[in-house]
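Student: Sending over query_1.pdb (PDB, C-alpha atoms, pLDDT in the B column).
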```pdb
MODEL        1
ATOM      1  CA  MET T   1      22.578 -55.193  41.567  1.00 39.00           C
ATOM      2  CA  ILE T   2      23.427 -52.788  44.405  1.00 39.00           C
ATOM      3  CA  PHE T   3      20.151 -50.840  44.420  1.00 39.00           C
ATOM      4  CA  LYS T   4      17.864 -53.768  43.672  1.00 47.00           C
ATOM      5  CA  ARG T   5      15.194 -54.511  46.269  1.00 49.00           C
ATOM      6  CA  ARG T   6      15.674 -57.740  48.237  1.00 57.00           C
ATOM      7  CA  ASN T   7      11.955 -58.469  48.004  1.00 54.00           C
ATOM      8  CA  PRO T   8      10.604 -57.070  44.708  1.00 53.00           C
ATOM      9  CA  LYS T   9       7.128 -55.569  44.978  1.00 50.00           C
ATOM     10  CA  GLY T  10       4.373 -57.390  43.166  1.00 49.00           C
ATOM     11  CA  LEU T  11       1.847 -55.725  40.890  1.00 43.00           C
ATOM     12  CA  LEU T  12      -0.967 -55.810  43.459  1.00 43.00           C
ATOM     13  CA  ARG T  13       1.284 -54.328  46.142  1.00 49.00           C
ATOM     14  CA  THR T  14       2.419 -51.563  43.777  1.00 45.00           C
ATOM     15  CA  ILE T  15      -1.187 -50.669  42.962  1.00 41.00           C
ATOM     16  CA  ALA T  16      -2.190 -50.792  46.637  1.00 45.00           C
ATOM     17  CA  GLU T  17       0.686 -48.498  47.679  1.00 46.00           C
ATOM     18  CA  PHE T  18      -0.283 -46.033  44.950  1.00 42.00           C
ATOM     19  CA  PHE T  19      -3.672 -45.569  46.618  1.00 43.00           C
ATOM     20  CA  TRP T  20      -2.381 -45.977  50.188  1.00 45.00           C
ATOM     21  CA  PRO T  21       1.403 -45.517  50.680  1.00 51.00           C
ATOM     22  CA  ARG T  22       3.238 -47.391  53.380  1.00 55.00           C
ATOM     23  CA  GLY T  23       2.890 -45.327  56.558  1.00 53.00           C
ATOM     24  CA  GLY T  24      -0.275 -43.643  55.262  1.00 51.00           C
ATOM     25  CA  TRP T  25      -0.924 -40.435  53.345  1.00 47.00           C
ATOM     26  CA  ARG T  26      -0.075 -38.296  56.371  1.00 56.00           C
ATOM     27  CA  ARG T  27       3.476 -39.602  56.466  1.00 55.00           C
ATOM     28  CA  ALA T  28       3.796 -39.314  52.680  1.00 51.00           C
ATOM     29  CA  GLY T  29       2.524 -35.717  52.775  1.00 53.00           C
ATOM     30  CA  THR T  30       4.926 -34.836  55.592  1.00 58.00           C
ATOM     31  CA  TYR T  31       7.824 -36.251  53.584  1.00 56.00           C
ATOM     32  CA  VAL T  32       6.873 -34.242  50.485  1.00 55.00           C
ATOM     33  CA  LEU T  33       6.569 -31.020  52.526  1.00 57.00           C
ATOM     34  CA  HIS T  34       9.955 -31.716  54.136  1.00 60.00           C
ATOM     35  CA  ARG T  35      11.547 -32.186  50.714  1.00 61.00           C
ATOM     36  CA  MET T  36       9.944 -28.958  49.464  1.00 60.00           C
ATOM     37  CA  ARG T  37      11.366 -26.914  52.325  1.00 57.00           C
ATOM     38  CA  ARG T  38      14.899 -28.281  51.895  1.00 63.00           C
ATOM     39  CA  LEU T  39      15.202 -27.362  48.222  1.00 69.00           C
ATOM     40  CA  PRO T  40      18.296 -25.177  47.545  1.00 73.00           C
ATOM     41  CA  ASP T  41      16.574 -22.172  45.995  1.00 80.00           C
ATOM     42  CA  SER T  42      14.883 -18.921  46.976  1.00 88.00           C
ATOM     43  CA  PRO T  43      11.556 -19.249  48.829  1.00 89.00           C
ATOM     44  CA  GLU T  44       9.778 -17.378  46.029  1.00 92.00           C
ATOM     45  CA  ARG T  45      10.989 -19.760  43.298  1.00 92.00           C
ATOM     46  CA  ILE T  46      10.277 -22.820  45.432  1.00 91.00           C
ATOM     47  CA  CYS T  47       6.732 -21.717  46.260  1.00 92.00           C
ATOM     48  CA  ARG T  48       6.134 -20.674  42.654  1.00 94.00           C
ATOM     49  CA  GLY T  49       7.083 -24.193  41.589  1.00 93.00           C
ATOM     50  CA  ILE T  50       4.839 -25.774  44.225  1.00 92.00           C
ATOM     51  CA  ALA T  51       1.909 -23.607  43.154  1.00 95.00           C
ATOM     52  CA  LEU T  52       2.403 -24.374  39.459  1.00 96.00           C
ATOM     53  CA  GLY T  53       2.655 -28.091  40.166  1.00 94.00           C
ATOM     54  CA  SER T  54      -0.574 -28.012  42.135  1.00 94.00           C
ATOM     55  CA  PHE T  55      -2.251 -26.014  39.346  1.00 96.00           C
ATOM     56  CA  VAL T  56      -1.378 -28.682  36.786  1.00 95.00           C
ATOM     57  CA  SER T  57      -3.004 -31.289  39.039  1.00 93.00           C
ATOM     58  CA  PHE T  58      -6.392 -29.663  38.353  1.00 95.00           C
ATOM     59  CA  LEU T  59      -6.063 -30.291  34.602  1.00 93.00           C
ATOM     60  CA  PRO T  60      -7.006 -33.500  32.733  1.00 88.00           C
ATOM     61  CA  LEU T  61      -3.401 -34.320  31.831  1.00 87.00           C
ATOM     62  CA  TYR T  62      -3.218 -37.777  33.405  1.00 82.00           C
ATOM     63  CA  GLY T  63       0.158 -39.331  32.682  1.00 81.00           C
ATOM     64  CA  LEU T  64       1.593 -35.931  31.719  1.00 86.00           C
ATOM     65  CA  HIS T  65       1.381 -34.060  35.027  1.00 89.00           C
ATOM     66  CA  PHE T  66       5.129 -34.309  35.734  1.00 90.00           C
ATOM     67  CA  ALA T  67       6.149 -33.194  32.238  1.00 92.00           C
ATOM     68  CA  SER T  68       3.556 -30.388  32.209  1.00 93.00           C
ATOM     69  CA  ALA T  69       4.578 -29.179  35.676  1.00 93.00           C
ATOM     70  CA  ALA T  70       8.265 -29.112  34.696  1.00 93.00           C
ATOM     71  CA  LEU T  71       7.501 -27.205  31.495  1.00 95.00           C
ATOM     72  CA  ILE T  72       5.273 -24.576  33.099  1.00 95.00           C
ATOM     73  CA  ALA T  73       7.742 -24.142  35.975  1.00 93.00           C
ATOM     74  CA  TRP T  74      10.535 -23.569  33.451  1.00 94.00           C
ATOM     75  CA  ILE T  75       8.418 -20.991  31.591  1.00 95.00           C
ATOM     76  CA  PHE T  76       7.489 -19.053  34.746  1.00 94.00           C
ATOM     77  CA  ARG T  77      10.931 -19.506  36.369  1.00 92.00           C
ATOM     78  CA  GLY T  78       9.762 -21.627  39.237  1.00 92.00           C
ATOM     79  CA  ASN T  79      11.755 -24.392  40.857  1.00 91.00           C
ATOM     80  CA  ILE T  80      11.224 -27.439  38.645  1.00 90.00           C
ATOM     81  CA  LEU T  81      11.740 -30.014  41.397  1.00 88.00           C
ATOM     82  CA  ALA T  82       9.286 -28.112  43.603  1.00 90.00           C
ATOM     83  CA  ALA T  83       6.789 -28.199  40.728  1.00 92.00           C
ATOM     84  CA  LEU T  84       7.163 -31.981  40.482  1.00 89.00           C
ATOM     85  CA  LEU T  85       6.580 -32.291  44.218  1.00 87.00           C
ATOM     86  CA  GLY T  86       3.621 -29.885  43.932  1.00 90.00           C
ATOM     87  CA  THR T  87       1.809 -32.326  41.646  1.00 91.00           C
ATOM     88  CA  PHE T  88       1.335 -34.555  44.706  1.00 86.00           C
ATOM     89  CA  TYR T  89      -1.536 -32.265  45.632  1.00 88.00           C
ATOM     90  CA  GLY T  90      -3.259 -34.374  43.024  1.00 86.00           C
ATOM     91  CA  ASN T  91      -3.469 -37.920  44.381  1.00 82.00           C
ATOM     92  CA  PRO T  92      -6.014 -40.760  44.481  1.00 80.00           C
ATOM     93  CA  ILE T  93      -7.764 -39.049  47.388  1.00 83.00           C
ATOM     94  CA  THR T  94      -8.072 -35.566  45.856  1.00 87.00           C
ATOM     95  CA  PHE T  95      -8.416 -36.459  42.160  1.00 86.00           C
ATOM     96  CA  PRO T  96     -12.115 -37.436  42.381  1.00 86.00           C
ATOM     97  CA  VAL T  97     -12.979 -34.103  44.027  1.00 89.00           C
ATOM     98  CA  MET T  98     -10.822 -32.125  41.575  1.00 91.00           C
ATOM     99  CA  ALA T  99     -12.166 -33.904  38.496  1.00 89.00           C
ATOM    100  CA  VAL T 100     -15.863 -33.793  39.347  1.00 89.00           C
ATOM    101  CA  SER T 101     -15.706 -30.176  40.588  1.00 91.00           C
ATOM    102  CA  ALA T 102     -13.832 -29.007  37.490  1.00 92.00           C
ATOM    103  CA  ILE T 103     -15.987 -30.791  34.930  1.00 90.00           C
ATOM    104  CA  GLU T 104     -19.264 -29.820  36.611  1.00 90.00           C
ATOM    105  CA  LEU T 105     -18.177 -26.177  36.749  1.00 92.00           C
ATOM    106  CA  GLY T 106     -17.109 -26.319  33.110  1.00 92.00           C
ATOM    107  CA  ASN T 107     -20.411 -27.884  32.056  1.00 90.00           C
ATOM    108  CA  TRP T 108     -22.329 -25.289  34.050  1.00 91.00           C
ATOM    109  CA  LEU T 109     -20.458 -22.453  32.346  1.00 92.00           C
ATOM    110  CA  LEU T 110     -21.153 -24.073  28.966  1.00 89.00           C
ATOM    111  CA  GLY T 111     -24.859 -24.334  29.773  1.00 89.00           C
ATOM    112  CA  ARG T 112     -24.892 -28.095  30.260  1.00 83.00           C
ATOM    113  CA  THR T 113     -26.780 -29.640  33.162  1.00 77.00           C
ATOM    114  CA  THR T 114     -25.916 -33.338  32.815  1.00 73.00           C
ATOM    115  CA  PRO T 115     -24.262 -34.560  36.052  1.00 73.00           C
ATOM    116  CA  VAL T 116     -21.059 -36.568  35.786  1.00 74.00           C
ATOM    117  CA  THR T 117     -19.279 -38.995  38.111  1.00 74.00           C
ATOM    118  CA  PHE T 118     -15.561 -39.576  38.563  1.00 74.00           C
ATOM    119  CA  ALA T 119     -15.952 -43.128  37.251  1.00 78.00           C
ATOM    120  CA  GLU T 120     -17.513 -41.780  34.043  1.00 77.00           C
ATOM    121  CA  VAL T 121     -14.652 -39.298  33.621  1.00 76.00           C
ATOM    122  CA  MET T 122     -12.037 -42.042  34.044  1.00 76.00           C
ATOM    123  CA  SER T 123     -13.938 -44.334  31.674  1.00 77.00           C
ATOM    124  CA  ALA T 124     -14.058 -41.619  29.008  1.00 75.00           C
ATOM    125  CA  ILE T 125     -10.331 -40.933  29.419  1.00 72.00           C
ATOM    126  CA  GLY T 126      -9.591 -44.648  29.090  1.00 73.00           C
ATOM    127  CA  GLN T 127     -11.673 -44.994  25.923  1.00 71.00           C
ATOM    128  CA  ALA T 128     -10.090 -41.919  24.349  1.00 68.00           C
ATOM    129  CA  SER T 129      -6.590 -43.147  25.234  1.00 68.00           C
ATOM    130  CA  GLY T 130      -7.399 -46.554  23.733  1.00 67.00           C
ATOM    131  CA  GLU T 131      -8.603 -45.010  20.477  1.00 66.00           C
ATOM    132  CA  LEU T 132      -5.570 -42.731  20.278  1.00 64.00           C
ATOM    133  CA  TRP T 133      -3.216 -45.671  20.797  1.00 61.00           C
ATOM    134  CA  SER T 134      -5.122 -47.727  18.209  1.00 64.00           C
ATOM    135  CA  ASN T 135      -4.821 -44.902  15.675  1.00 60.00           C
ATOM    136  CA  LEU T 136      -1.085 -44.610  16.301  1.00 61.00           C
ATOM    137  CA  ILE T 137      -0.616 -48.344  15.779  1.00 64.00           C
ATOM    138  CA  SER T 138      -2.738 -48.256  12.608  1.00 62.00           C
ATOM    139  CA  GLY T 139      -0.032 -46.115  11.004  1.00 57.00           C
ATOM    140  CA  VAL T 140       2.234 -49.166  11.180  1.00 56.00           C
ATOM    141  CA  THR T 141      -0.307 -51.939  10.679  1.00 58.00           C
ATOM    142  CA  ALA T 142      -2.284 -50.132   7.947  1.00 56.00           C
ATOM    143  CA  GLY T 143      -5.458 -50.516  10.000  1.00 57.00           C
ATOM    144  CA  SER T 144      -8.458 -48.202   9.977  1.00 59.00           C
ATOM    145  CA  VAL T 145      -8.339 -44.900  11.855  1.00 54.00           C
ATOM    146  CA  HIS T 146     -11.277 -43.626  13.910  1.00 56.00           C
ATOM    147  CA  TRP T 147     -11.542 -40.308  15.721  1.00 57.00           C
ATOM    148  CA  TYR T 148     -15.159 -40.467  16.873  1.00 61.00           C
ATOM    149  CA  SER T 149     -14.471 -41.253  20.536  1.00 66.00           C
ATOM    150  CA  LEU T 150     -11.666 -38.704  20.701  1.00 72.00           C
ATOM    151  CA  ALA T 151     -13.830 -35.952  19.235  1.00 75.00           C
ATOM    152  CA  GLU T 152     -16.683 -36.754  21.624  1.00 75.00           C
ATOM    153  CA  PHE T 153     -14.230 -36.969  24.537  1.00 78.00           C
ATOM    154  CA  PHE T 154     -12.762 -33.578  23.700  1.00 81.00           C
ATOM    155  CA  TRP T 155     -16.099 -31.739  23.629  1.00 82.00           C
ATOM    156  CA  GLN T 156     -17.926 -33.678  26.341  1.00 82.00           C
ATOM    157  CA  VAL T 157     -15.133 -34.220  28.893  1.00 84.00           C
ATOM    158  CA  PHE T 158     -11.771 -32.614  28.128  1.00 87.00           C
ATOM    159  CA  PHE T 159     -12.984 -29.121  27.154  1.00 90.00           C
ATOM    160  CA  PRO T 160     -15.276 -28.534  30.176  1.00 91.00           C
ATOM    161  CA  TYR T 161     -12.674 -30.206  32.418  1.00 92.00           C
ATOM    162  CA  VAL T 162      -9.991 -27.745  31.262  1.00 94.00           C
ATOM    163  CA  ILE T 163     -12.284 -24.735  31.707  1.00 95.00           C
ATOM    164  CA  GLY T 164     -13.317 -25.754  35.209  1.00 94.00           C
ATOM    165  CA  GLY T 165      -9.807 -26.894  36.124  1.00 95.00           C
ATOM    166  CA  VAL T 166      -8.262 -23.549  35.192  1.00 96.00           C
ATOM    167  CA  ILE T 167     -10.912 -21.564  37.073  1.00 96.00           C
ATOM    168  CA  ILE T 168     -10.575 -23.692  40.225  1.00 96.00           C
ATOM    169  CA  GLY T 169      -6.852 -24.370  39.926  1.00 95.00           C
ATOM    170  CA  ALA T 170      -5.673 -20.769  39.492  1.00 96.00           C
ATOM    171  CA  PRO T 171      -6.962 -19.374  42.835  1.00 96.00           C
ATOM    172  CA  SER T 172      -6.044 -22.644  44.563  1.00 95.00           C
ATOM    173  CA  ALA T 173      -2.465 -22.357  43.291  1.00 96.00           C
ATOM    174  CA  LEU T 174      -2.325 -18.722  44.416  1.00 96.00           C
ATOM    175  CA  ALA T 175      -3.500 -19.714  47.892  1.00 96.00           C
ATOM    176  CA  ILE T 176      -0.951 -22.536  48.014  1.00 94.00           C
ATOM    177  CA  TYR T 177       1.810 -20.085  47.047  1.00 95.00           C
ATOM    178  CA  PHE T 178       1.039 -17.656  49.879  1.00 95.00           C
ATOM    179  CA  LEU T 179       0.436 -20.530  52.309  1.00 93.00           C
ATOM    180  CA  HIS T 180       3.849 -22.082  51.690  1.00 90.00           C
ATOM    181  CA  LEU T 181       5.871 -18.880  51.355  1.00 92.00           C
ATOM    182  CA  PRO T 182       6.126 -17.972  55.078  1.00 92.00           C
ATOM    183  CA  LEU T 183       6.700 -21.638  55.951  1.00 87.00           C
ATOM    184  CA  VAL T 184       9.592 -22.013  53.522  1.00 87.00           C
ATOM    185  CA  ARG T 185      11.094 -18.686  54.600  1.00 88.00           C
ATOM    186  CA  ALA T 186      10.900 -19.636  58.280  1.00 86.00           C
ATOM    187  CA  TYR T 187      12.356 -23.078  57.581  1.00 83.00           C
ATOM    188  CA  GLN T 188      15.285 -21.661  55.610  1.00 80.00           C
ATOM    189  CA  ARG T 189      16.018 -19.008  58.255  1.00 83.00           C
ATOM    190  CA  GLY T 190      15.971 -21.649  60.976  1.00 79.00           C
ATOM    191  CA  ARG T 191      18.167 -23.963  58.916  1.00 73.00           C
ATOM    192  CA  GLN T 192      20.691 -21.189  58.234  1.00 72.00           C
ATOM    193  CA  LYS T 193      20.735 -20.347  61.940  1.00 78.00           C
ATOM    194  CA  ARG T 194      21.353 -23.970  62.871  1.00 76.00           C
ATOM    195  CA  LEU T 195      24.153 -24.277  60.302  1.00 73.00           C
ATOM    196  CA  LYS T 196      25.750 -21.079  61.597  1.00 75.00           C
ATOM    197  CA  GLN T 197      25.613 -22.377  65.162  1.00 78.00           C
ATOM    198  CA  ARG T 198      27.222 -25.652  64.116  1.00 76.00           C
ATOM    199  CA  PHE T 199      29.953 -23.792  62.242  1.00 74.00           C
ATOM    200  CA  GLU T 200      30.704 -21.542  65.211  1.00 77.00           C
ATOM    201  CA  GLU T 201      30.715 -24.542  67.546  1.00 80.00           C
ATOM    202  CA  ALA T 202      33.150 -26.345  65.251  1.00 76.00           C
ATOM    203  CA  ARG T 203      35.415 -23.280  65.203  1.00 76.00           C
ATOM    204  CA  ARG T 204      35.360 -23.075  69.009  1.00 76.00           C
ATOM    205  CA  ARG T 205      36.302 -26.730  69.256  1.00 76.00           C
ATOM    206  CA  GLN T 206      39.130 -26.235  66.779  1.00 76.00           C
ATOM    207  CA  ARG T 207      40.460 -23.234  68.695  1.00 74.00           C
ATOM    208  CA  SER T 208      40.300 -25.090  72.001  1.00 73.00           C
ATOM    209  CA  THR T 209      42.158 -28.018  70.436  1.00 73.00           C
ATOM    210  CA  GLU T 210      44.850 -25.719  69.034  1.00 66.00           C
ATOM    211  CA  THR T 211      45.189 -23.966  72.432  1.00 68.00           C
ATOM    212  CA  GLY T 212      45.564 -27.338  74.163  1.00 62.00           C
ATOM    213  CA  ASP T 213      48.271 -28.410  71.708  1.00 60.00           C
ATOM    214  CA  GLU T 214      50.265 -25.212  72.329  1.00 58.00           C
ATOM    215  CA  THR T 215      50.235 -25.713  76.087  1.00 55.00           C
TER     216      THR T 215
ENDMDL
END
```
As a first step, turn the structure in this file into structure tokens.
Tutor:
Amino acid sequence: MIFKRRNPKGLLRTIAEFFWPRGGWRRAGTYVLHRMRRLPDSPERICRGIALGSFVSFLPLYGLHFASAALIAWIFRGNILAALLGTFYGNPITFPVMAVSAIELGNWLLGRTTPVTFAEVMSAIGQASGELWSNLISGVTAGSVHWYSLAEFFWQVFFPYVIGGVIIGAPSALAIYFLHLPLVRAYQRGRQKRLKQRFEEARRRQRSTETGDET
């Protein structure tokens, strides 16, 4: 195949690059920011998409961040591709801070004082996902259906996580919007200026060529 890799990545390499991309997170972040600035849309729509994508990253929607970011960007008329790129604010480095901060804030607002770790959050999400998948399969295999873990997960993890995630994510997304807006505007103005200069230079070359042909 034309686009097939010469040396296919193994499972361990794929997992390792998820937590530490080739070139490091600095290079990966620079690439994402570069792609954001080059999007063919108004700065307001681009930055709205980025902000909405980052907001979704604060919510416990693991595996659904892309779909959720695209949907919310479509609803609020943000740039959908920018929203997908904005979800990269949530990554293996920031997720532990986001998750623990959100769930602890949610528990505090609900009057709960039990501390929680990121490992416990991920374990609860894994158990709930396993029970959900088992219940879906039981519809085909006629097995027994259990909702105990899902119910406990919803009240003990998901609900406080959502409350804290919304409270932390909303002002963070607003800050990200106003942080990126002048950068995207400046980048687009500079890009338009460079394109105009190239166009004028091409016209001058064409005129000089035509003048030389006439002589």
Student: Give me the residues near segment 75-85 of chain T as a count of residues only, where near means some atom within 6 Å (using only C-alpha atoms) and where sequence neighbours in that chain fewer than 6 positions away do not count.
Tutor: 10
Student: Take the PyMOL selection byres ((chain T and resi 177) around 10), run it mentally on this structure, and tell me the resulting residues as a PDB file with C-alpha atoms, in the frame of the given file.
Tutor:
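Output file selection-v4.pdb follows:
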```pdb
ATOM      1  CA  PRO T  43      11.556 -19.249  48.829  1.00 89.00           C
ATOM      2  CA  GLU T  44       9.778 -17.378  46.029  1.00 92.00           C
ATOM      3  CA  ARG T  45      10.989 -19.760  43.298  1.00 92.00           C
ATOM      4  CA  ILE T  46      10.277 -22.820  45.432  1.00 91.00           C
ATOM      5  CA  CYS T  47       6.732 -21.717  46.260  1.00 92.00           C
ATOM      6  CA  ARG T  48       6.134 -20.674  42.654  1.00 94.00           C
ATOM      7  CA  GLY T  49       7.083 -24.193  41.589  1.00 93.00           C
ATOM      8  CA  ILE T  50       4.839 -25.774  44.225  1.00 92.00           C
ATOM      9  CA  ALA T  51       1.909 -23.607  43.154  1.00 95.00           C
ATOM     10  CA  LEU T  52       2.403 -24.374  39.459  1.00 96.00           C
ATOM     11  CA  SER T  54      -0.574 -28.012  42.135  1.00 94.00           C
ATOM     12  CA  PRO T 171      -6.962 -19.374  42.835  1.00 96.00           C
ATOM     13  CA  SER T 172      -6.044 -22.644  44.563  1.00 95.00           C
ATOM     14  CA  ALA T 173      -2.465 -22.357  43.291  1.00 96.00           C
ATOM     15  CA  LEU T 174      -2.325 -18.722  44.416  1.00 96.00           C
ATOM     16  CA  ALA T 175      -3.500 -19.714  47.892  1.00 96.00           C
ATOM     17  CA  ILE T 176      -0.951 -22.536  48.014  1.00 94.00           C
ATOM     18  CA  PHE T 178       1.039 -17.656  49.879  1.00 95.00           C
ATOM     19  CA  LEU T 179       0.436 -20.530  52.309  1.00 93.00           C
ATOM     20  CA  HIS T 180       3.849 -22.082  51.690  1.00 90.00           C
ATOM     21  CA  LEU T 181       5.871 -18.880  51.355  1.00 92.00           C
ATOM     22  CA  PRO T 182       6.126 -17.972  55.078  1.00 92.00           C
TER      23      PRO T 182
END
```
Student: Could you check the closest approach to Val166 of chain T for each of T:Leu105, T:Ala186, T:Ala151, T:Ala70 and tell me which residue wins, using all atoms listed in the file?
Tutor: T:Leu105
Student: Please compute the atom CA of Phe154 of chain T-atom CA of Pro115 of chain T distance, one decimal, in Å.
Tutor: 16.9 Å
Student: Please evaluate the PyMOL selection byres ((chain T and resi 118-126) around 12) against the displayed coordinates and give the resulting residues as a compact mmCIF listing (two decimals) with C-alpha atoms, in the frame of the given file.
Tutor:
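The resulting file, result29.txt, is shown below:
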```txt
# COMPACT_ATOMS: atom_id res chain seq x y z
CA PRO T 60 -7.01 -33.50 32.73
CA LEU T 61 -3.40 -34.32 31.83
CA TYR T 62 -3.22 -37.78 33.40
CA GLY T 63 0.16 -39.33 32.68
CA PRO T 92 -6.01 -40.76 44.48
CA ILE T 93 -7.76 -39.05 47.39
CA THR T 94 -8.07 -35.57 45.86
CA PHE T 95 -8.42 -36.46 42.16
CA PRO T 96 -12.12 -37.44 42.38
CA VAL T 97 -12.98 -34.10 44.03
CA MET T 98 -10.82 -32.12 41.58
CA ALA T 99 -12.17 -33.90 38.50
CA VAL T 100 -15.86 -33.79 39.35
CA SER T 101 -15.71 -30.18 40.59
CA ALA T 102 -13.83 -29.01 37.49
CA ILE T 103 -15.99 -30.79 34.93
CA GLU T 104 -19.26 -29.82 36.61
CA THR T 114 -25.92 -33.34 32.82
CA PRO T 115 -24.26 -34.56 36.05
CA VAL T 116 -21.06 -36.57 35.79
CA THR T 117 -19.28 -38.99 38.11
CA GLN T 127 -11.67 -44.99 25.92
CA ALA T 128 -10.09 -41.92 24.35
CA SER T 129 -6.59 -43.15 25.23
CA GLY T 130 -7.40 -46.55 23.73
CA GLU T 131 -8.60 -45.01 20.48
CA LEU T 132 -5.57 -42.73 20.28
CA TRP T 133 -3.22 -45.67 20.80
CA SER T 149 -14.47 -41.25 20.54
CA LEU T 150 -11.67 -38.70 20.70
CA ALA T 151 -13.83 -35.95 19.24
CA GLU T 152 -16.68 -36.75 21.62
CA PHE T 153 -14.23 -36.97 24.54
CA PHE T 154 -12.76 -33.58 23.70
CA TRP T 155 -16.10 -31.74 23.63
CA GLN T 156 -17.93 -33.68 26.34
CA VAL T 157 -15.13 -34.22 28.89
CA PHE T 158 -11.77 -32.61 28.13
CA PRO T 160 -15.28 -28.53 30.18
CA TYR T 161 -12.67 -30.21 32.42
```
